[in-house]
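One file, upload01.cif, carrying mmCIF, C-alpha atoms:
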data_query
#
loop_
_atom_site.group_PDB
_atom_site.id
_atom_site.type_symbol
_atom_site.label_atom_id
_atom_site.label_comp_id
_atom_site.auth_asym_id
_atom_site.auth_seq_id
_atom_site.Cartn_x
_atom_site.Cartn_y
_atom_site.Cartn_z
ATOM 1 C CA MET A 1 6.826 -30.240 -64.322
ATOM 2 C CA LEU A 2 6.148 -32.163 -67.516
ATOM 3 C CA THR A 3 4.033 -29.299 -68.865
ATOM 4 C CA PHE A 4 6.867 -26.800 -68.418
ATOM 5 C CA PHE A 5 9.405 -29.276 -69.838
ATOM 6 C CA LEU A 6 7.319 -29.920 -72.969
ATOM 7 C CA LYS A 7 6.651 -26.208 -73.395
ATOM 8 C CA GLY A 8 10.397 -25.552 -73.391
ATOM 9 C CA MET A 9 11.014 -28.388 -75.850
ATOM 10 C CA GLY A 10 8.273 -27.183 -78.161
ATOM 11 C CA LEU A 11 9.373 -23.563 -78.311
ATOM 12 C CA SER A 12 13.016 -24.576 -78.732
ATOM 13 C CA ALA A 13 12.077 -26.925 -81.587
ATOM 14 C CA SER A 14 10.130 -24.231 -83.401
ATOM 15 C CA LEU A 15 13.139 -21.895 -83.242
ATOM 16 C CA ILE A 16 16.051 -24.280 -83.778
ATOM 17 C CA MET A 17 14.777 -26.158 -86.830
ATOM 18 C CA ALA A 18 14.985 -23.155 -89.131
ATOM 19 C CA ILE A 19 18.129 -23.678 -91.197
ATOM 20 C CA GLY A 20 20.660 -21.040 -90.270
ATOM 21 C CA SER A 21 24.435 -20.670 -90.222
ATOM 22 C CA GLN A 22 24.793 -22.798 -87.080
ATOM 23 C CA ASN A 23 22.672 -25.686 -88.376
ATOM 24 C CA ALA A 24 24.344 -25.504 -91.770
ATOM 25 C CA HIS A 25 27.775 -25.689 -90.118
ATOM 26 C CA VAL A 26 26.842 -28.710 -87.978
ATOM 27 C CA LEU A 27 25.394 -30.434 -91.055
ATOM 28 C CA ARG A 28 28.522 -29.718 -93.080
ATOM 29 C CA MET A 29 30.845 -31.015 -90.359
ATOM 30 C CA GLY A 30 28.662 -34.102 -90.017
ATOM 31 C CA LEU A 31 28.797 -34.772 -93.748
ATOM 32 C CA ARG A 32 32.585 -34.507 -93.686
ATOM 33 C CA ARG A 33 32.788 -36.475 -90.399
ATOM 34 C CA ASP A 34 35.063 -33.707 -89.226
ATOM 35 C CA HIS A 35 35.197 -33.284 -85.409
ATOM 36 C CA VAL A 36 31.461 -33.824 -85.046
ATOM 37 C CA ALA A 37 31.662 -34.408 -81.272
ATOM 38 C CA ILE A 38 33.443 -31.085 -80.645
ATOM 39 C CA THR A 39 31.038 -29.223 -82.924
ATOM 40 C CA VAL A 40 27.939 -30.683 -81.280
ATOM 41 C CA LEU A 41 29.337 -30.174 -77.765
ATOM 42 C CA VAL A 42 30.131 -26.501 -78.405
ATOM 43 C CA CYS A 43 26.659 -25.848 -79.823
ATOM 44 C CA VAL A 44 24.932 -27.561 -76.892
ATOM 45 C CA ALA A 45 27.134 -25.835 -74.288
ATOM 46 C CA CYS A 46 26.472 -22.408 -75.816
ATOM 47 C CA GLU A 47 22.742 -23.145 -75.956
ATOM 48 C CA ALA A 48 22.763 -24.126 -72.269
ATOM 49 C CA ALA A 49 24.582 -20.945 -71.233
ATOM 50 C CA LEU A 50 22.432 -18.607 -73.324
ATOM 51 C CA ILE A 51 19.149 -20.251 -72.295
ATOM 52 C CA ALA A 52 20.119 -19.909 -68.626
ATOM 53 C CA ILE A 53 21.192 -16.261 -69.034
ATOM 54 C CA GLY A 54 18.008 -15.451 -70.948
ATOM 55 C CA ILE A 55 15.697 -17.027 -68.376
ATOM 56 C CA MET A 56 17.527 -15.241 -65.543
ATOM 57 C CA GLY A 57 16.448 -11.891 -67.003
ATOM 58 C CA MET A 58 18.846 -10.877 -69.791
ATOM 59 C CA GLY A 59 16.155 -11.520 -72.409
ATOM 60 C CA SER A 60 13.813 -8.936 -70.922
ATOM 61 C CA LEU A 61 16.649 -6.432 -70.572
ATOM 62 C CA LEU A 62 17.684 -6.769 -74.228
ATOM 63 C CA SER A 63 14.128 -6.680 -75.582
ATOM 64 C CA HIS A 64 13.568 -3.306 -73.851
ATOM 65 C CA ASN A 65 16.770 -1.687 -75.144
ATOM 66 C CA PRO A 66 16.420 -0.688 -78.836
ATOM 67 C CA ALA A 67 20.021 0.574 -79.082
ATOM 68 C CA TRP A 68 21.474 -2.821 -78.099
ATOM 69 C CA MET A 69 19.132 -4.584 -80.490
ATOM 70 C CA ARG A 70 20.213 -2.244 -83.306
ATOM 71 C CA VAL A 71 23.918 -2.913 -82.644
ATOM 72 C CA ALA A 72 23.232 -6.653 -82.581
ATOM 73 C CA SER A 73 21.354 -6.403 -85.884
ATOM 74 C CA TRP A 74 24.158 -4.530 -87.678
ATOM 75 C CA GLY A 75 26.850 -6.816 -86.316
ATOM 76 C CA GLY A 76 24.783 -9.860 -87.165
ATOM 77 C CA ALA A 77 24.145 -8.630 -90.701
ATOM 78 C CA ALA A 78 27.886 -8.175 -91.264
ATOM 79 C CA PHE A 79 28.563 -11.706 -90.030
ATOM 80 C CA LEU A 80 25.810 -13.186 -92.210
ATOM 81 C CA PHE A 81 27.067 -11.341 -95.315
ATOM 82 C CA TRP A 82 30.571 -12.730 -94.692
ATOM 83 C CA TYR A 83 29.295 -16.261 -94.095
ATOM 84 C CA GLY A 84 27.025 -16.101 -97.150
ATOM 85 C CA ALA A 85 29.797 -14.840 -99.422
ATOM 86 C CA ARG A 86 32.085 -17.605 -98.131
ATOM 87 C CA ALA A 87 29.456 -20.262 -98.876
ATOM 88 C CA LEU A 88 28.833 -18.891 -102.397
ATOM 89 C CA ARG A 89 32.571 -18.914 -103.107
ATOM 90 C CA SER A 90 32.708 -22.515 -101.916
ATOM 91 C CA ALA A 91 29.813 -23.377 -104.245
ATOM 92 C CA LEU A 92 31.976 -22.368 -107.225
ATOM 93 C CA ARG A 93 34.617 -24.945 -106.330
ATOM 94 C CA THR A 94 34.465 -28.587 -107.344
ATOM 95 C CA GLN A 95 34.442 -30.805 -104.288
ATOM 96 C CA THR A 96 33.198 -34.209 -103.248
ATOM 97 C CA LEU A 97 32.772 -35.919 -99.912
ATOM 98 C CA GLN A 98 35.816 -37.975 -98.965
ATOM 99 C CA VAL A 99 35.459 -39.920 -95.734
ATOM 100 C CA ALA A 100 38.150 -42.529 -96.246
ATOM 101 C CA GLY A 101 41.050 -40.271 -95.344
ATOM 102 C CA ASP A 102 41.724 -37.162 -93.336
ATOM 103 C CA THR A 103 42.282 -34.938 -96.390
ATOM 104 C CA GLY A 104 40.765 -31.532 -95.852
ATOM 105 C CA LYS A 105 39.860 -32.178 -92.222
ATOM 106 C CA SER A 106 40.393 -29.375 -89.739
ATOM 107 C CA SER A 107 42.293 -29.589 -86.463
ATOM 108 C CA TRP A 108 40.305 -29.807 -83.233
ATOM 109 C CA VAL A 109 41.234 -26.188 -82.443
ATOM 110 C CA GLN A 110 39.944 -25.017 -85.824
ATOM 111 C CA ALA A 111 36.752 -27.028 -85.316
ATOM 112 C CA LEU A 112 36.286 -25.528 -81.852
ATOM 113 C CA LEU A 113 36.818 -21.954 -83.049
ATOM 114 C CA ALA A 114 34.571 -22.439 -86.081
ATOM 115 C CA ALA A 115 31.728 -23.800 -83.926
ATOM 116 C CA LEU A 116 32.125 -20.896 -81.479
ATOM 117 C CA ALA A 117 32.122 -18.393 -84.348
ATOM 118 C CA VAL A 118 28.952 -19.656 -86.075
ATOM 119 C CA THR A 119 27.234 -19.797 -82.700
ATOM 120 C CA LEU A 120 28.325 -16.673 -80.856
ATOM 121 C CA LEU A 121 28.628 -14.355 -83.880
ATOM 122 C CA ASN A 122 25.156 -15.287 -85.099
ATOM 123 C CA PRO A 123 22.560 -12.681 -84.033
ATOM 124 C CA HIS A 124 19.685 -15.121 -84.419
ATOM 125 C CA VAL A 125 21.136 -17.211 -81.594
ATOM 126 C CA TYR A 126 20.792 -14.244 -79.241
ATOM 127 C CA LEU A 127 17.367 -13.248 -80.512
ATOM 128 C CA ASP A 128 16.066 -16.810 -80.245
ATOM 129 C CA LEU A 129 17.691 -17.890 -76.983
ATOM 130 C CA LEU A 130 18.094 -14.706 -74.954
ATOM 131 C CA VAL A 131 15.059 -12.749 -76.103
ATOM 132 C CA LEU A 132 12.373 -15.218 -77.217
ATOM 133 C CA LEU A 133 13.158 -18.291 -75.101
ATOM 134 C CA GLY A 134 14.487 -16.137 -72.266
ATOM 135 C CA VAL A 135 11.410 -13.932 -71.980
ATOM 136 C CA VAL A 136 8.983 -16.864 -72.171
ATOM 137 C CA GLY A 137 11.057 -18.922 -69.728
ATOM 138 C CA ALA A 138 11.280 -16.054 -67.250
ATOM 139 C CA GLN A 139 7.466 -15.866 -67.190
ATOM 140 C CA GLN A 140 7.103 -19.432 -65.885
ATOM 141 C CA GLU A 141 6.240 -19.727 -62.210
ATOM 142 C CA GLY A 142 8.550 -21.167 -59.553
ATOM 143 C CA GLN A 143 10.353 -24.347 -60.611
ATOM 144 C CA GLY A 144 8.701 -23.964 -64.020
ATOM 145 C CA LYS A 145 11.648 -21.818 -65.126
ATOM 146 C CA LEU A 146 14.081 -24.670 -64.467
ATOM 147 C CA TRP A 147 11.963 -27.309 -66.199
ATOM 148 C CA PHE A 148 11.271 -25.002 -69.153
ATOM 149 C CA GLY A 149 15.022 -24.435 -69.571
ATOM 150 C CA LEU A 150 15.766 -28.154 -69.272
ATOM 151 C CA GLY A 151 13.151 -28.917 -71.916
ATOM 152 C CA ALA A 152 14.674 -26.363 -74.300
ATOM 153 C CA LEU A 153 18.174 -27.738 -73.663
ATOM 154 C CA CYS A 154 17.008 -31.344 -74.149
ATOM 155 C CA ASN A 155 15.562 -30.438 -77.543
ATOM 156 C CA ALA A 156 18.762 -28.620 -78.576
ATOM 157 C CA THR A 157 20.907 -31.593 -77.556
ATOM 158 C CA LEU A 158 18.784 -34.071 -79.513
ATOM 159 C CA TRP A 159 18.664 -31.765 -82.534
ATOM 160 C CA TYR A 160 22.404 -31.139 -82.843
ATOM 161 C CA MET A 161 23.244 -34.799 -82.257
ATOM 162 C CA ALA A 162 20.754 -35.852 -84.936
ATOM 163 C CA LEU A 163 22.055 -33.213 -87.347
ATOM 164 C CA GLY A 164 25.739 -33.941 -86.762
ATOM 165 C CA TYR A 165 25.659 -37.732 -86.562
ATOM 166 C CA GLY A 166 22.678 -38.282 -88.860
ATOM 167 C CA ALA A 167 24.330 -36.352 -91.695
ATOM 168 C CA ARG A 168 26.447 -39.409 -92.575
ATOM 169 C CA LEU A 169 23.305 -41.054 -93.959
ATOM 170 C CA LEU A 170 23.561 -38.515 -96.796
ATOM 171 C CA THR A 171 27.154 -39.531 -97.624
ATOM 172 C CA PRO A 172 26.316 -41.223 -100.971
ATOM 173 C CA LEU A 173 24.496 -38.105 -102.148
ATOM 174 C CA PHE A 174 27.361 -35.772 -101.247
ATOM 175 C CA ALA A 175 29.912 -37.912 -103.072
ATOM 176 C CA LYS A 176 28.710 -35.928 -106.116
ATOM 177 C CA PRO A 177 30.141 -32.416 -106.655
ATOM 178 C CA VAL A 178 26.752 -31.009 -107.700
ATOM 179 C CA ALA A 179 25.273 -31.827 -104.279
ATOM 180 C CA TRP A 180 27.912 -29.701 -102.540
ATOM 181 C CA ARG A 181 27.341 -26.874 -105.007
ATOM 182 C CA ILE A 182 23.607 -26.923 -104.297
ATOM 183 C CA LEU A 183 24.134 -27.078 -100.515
ATOM 184 C CA ASP A 184 26.708 -24.277 -100.402
ATOM 185 C CA GLY A 185 24.781 -22.172 -102.914
ATOM 186 C CA GLY A 186 21.571 -22.564 -100.929
ATOM 187 C CA ILE A 187 23.334 -21.706 -97.672
ATOM 188 C CA GLY A 188 24.954 -18.647 -99.248
ATOM 189 C CA ILE A 189 21.690 -17.287 -100.653
ATOM 190 C CA MET A 190 19.899 -17.943 -97.366
ATOM 191 C CA MET A 191 22.572 -16.166 -95.316
ATOM 192 C CA LEU A 192 22.496 -13.099 -97.582
ATOM 193 C CA ALA A 193 18.697 -13.027 -97.368
ATOM 194 C CA LEU A 194 18.852 -13.197 -93.557
ATOM 195 C CA ALA A 195 21.386 -10.350 -93.526
ATOM 196 C CA LEU A 196 19.124 -8.174 -95.664
ATOM 197 C CA ASN A 197 16.189 -9.051 -93.442
ATOM 198 C CA LEU A 198 18.125 -7.887 -90.359
ATOM 199 C CA LEU A 199 19.027 -4.576 -92.005
ATOM 200 C CA LEU A 200 15.525 -3.903 -93.305
#
Please re-express this file's structure in structure tokens.
Amino acid sequence: MLTFFLKGMGLSASLIMAIGSQNAHVLRMGLRRDHVAITVLVCVACEAALIAIGIMGMGSLLSHNPAWMRVASWGGAAFLFWYGARALRSALRTQTLQVAGDTGKSSWVQALLAALAVTLLNPHVYLDLLVLLGVVGAQQEGQGKLWFGLGALCNATLWYMALGYGARLLTPLFAKPVAWRILDGGIGIMMLALALNLLL
């Protein structure tokens, strides 16, 4: 059981730690201390659902259907272009981290919808969880599927909690406007590069 659990944790870690729109969003919400619990919970819940669906066979189905993969790539590229352009526009604004008040904080509904959007509209989430994790998880024997999935989910939970709640350690750095410009600029460039990669 431990072998399957660690295998799931390891593969999940190798996929989840690449900075993408979802990780960038969790980090940003953590830095602003803006509905971190809702953001983390949505990310973990979506991971759990997609890992389970992938292991139950959806991953194999998607990986053998080029048309579906092509649609997912085009839709994902459009989302990444939009997210990247939004981040670059934000990089041009002067902003600092203010944690003393609620200025600029979103409502819990906005936080919920934003977390759902960066998770479910991100093609890499489906490629990573449904196709890669799903196919590997489905190949495990017997109860190995369950323990593999639990290992992957355990890693995701620890990762998003560390990213969301650990971000506050960077508060002094992000009190400076230049830090936000660098973060948003880097996120924007990365998202546009990922979009081009999907199209090419």
### Query
So which residues get picked by the PyMOL selection byres ((chain A and resi 1) around 12) here, written as a PyMOL selection string?
chain A and resi 2-8+140-151
### Task
Carefully work through the PyMOL selection byres ((chain A and resi 51) around 9) for this structure and note down the residues it includes, as a list of chain:residue names.
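Evaluating the PyMOL selection byres ((chain A and resi 51) around 9) on these coordinates yields A:Cys46, A:Glu47, A:Ala48, A:Ala49, A:Leu50, A:Ala52, A:Ile53, A:Gly54, A:Ile55, A:Met56, A:Leu129, A:Leu130, A:Leu133, A:Gly134, A:Gly137, A:Gly149, A:Ala152, A:Leu153.
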### Task
Please evaluate the PyMOL selection byres ((chain A and resi 166) around 12) against the displayed coordinates and give the resulting residues as a count of residues only.
23
### Query
Which is closer to A:Leu132 than all the others in A:Ala111, A:Met58, A:Cys43, A:Leu199, using all atoms listed in the file?
A:Met58
### Contacts of A:Leu112 at 12 Å (all atoms listed in the file; same-chain gap of 3+ positions) as a ChimeraX atom specification
/A:25-26,29,34-43,45-46,106-109,115-120
#### Entry: Å distance separating atom CA of A:Thr157 from atom CA of A:Ala24, one decimal place
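Interatomic distance, atom CA of A:Thr157 to atom CA of A:Ala24: 15.8 Å.
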### Query
In terms of the shortest atom-to-atom distance over only C-alpha atoms, which of A:Val125, A:Leu113, A:Ala91, A:Ala13 is closest to A:Leu183?
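Answer, going by the shortest atom-to-atom distance: A:Ala91.
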Do a neighbour search on A:Ile189 at 9 Å with only C-alpha atoms, toss out local chain neighbours closer than 6 positions, and write the hits as a compact mmCIF listing (two decimals) with C-alpha atoms, in the frame of the given file.
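Now in selection-v4.txt:
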# COMPACT_ATOMS: atom_id res chain seq x y z
CA GLY A 84 27.02 -16.10 -97.15
CA ALA A 85 29.80 -14.84 -99.42
CA ALA A 87 29.46 -20.26 -98.88
CA LEU A 88 28.83 -18.89 -102.40
### Query
So how far away is atom CA of A:Gly188 from atom CA of A:Ser21, in Å?
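According to the coordinates, atom CA of A:Ser21 and atom CA of A:Gly188 are separated by 9.3 Å.
Shortest atom-to-atom contact with A:Phe81 among A:Lys176, A:Pro123, A:Leu196, A:Val44: A:Leu196, counting all atoms listed in the file.
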### Query
So how many Å separate atom CA of A:Asp128 and atom CA of A:Gly10, to one decimal?
13.1 Å
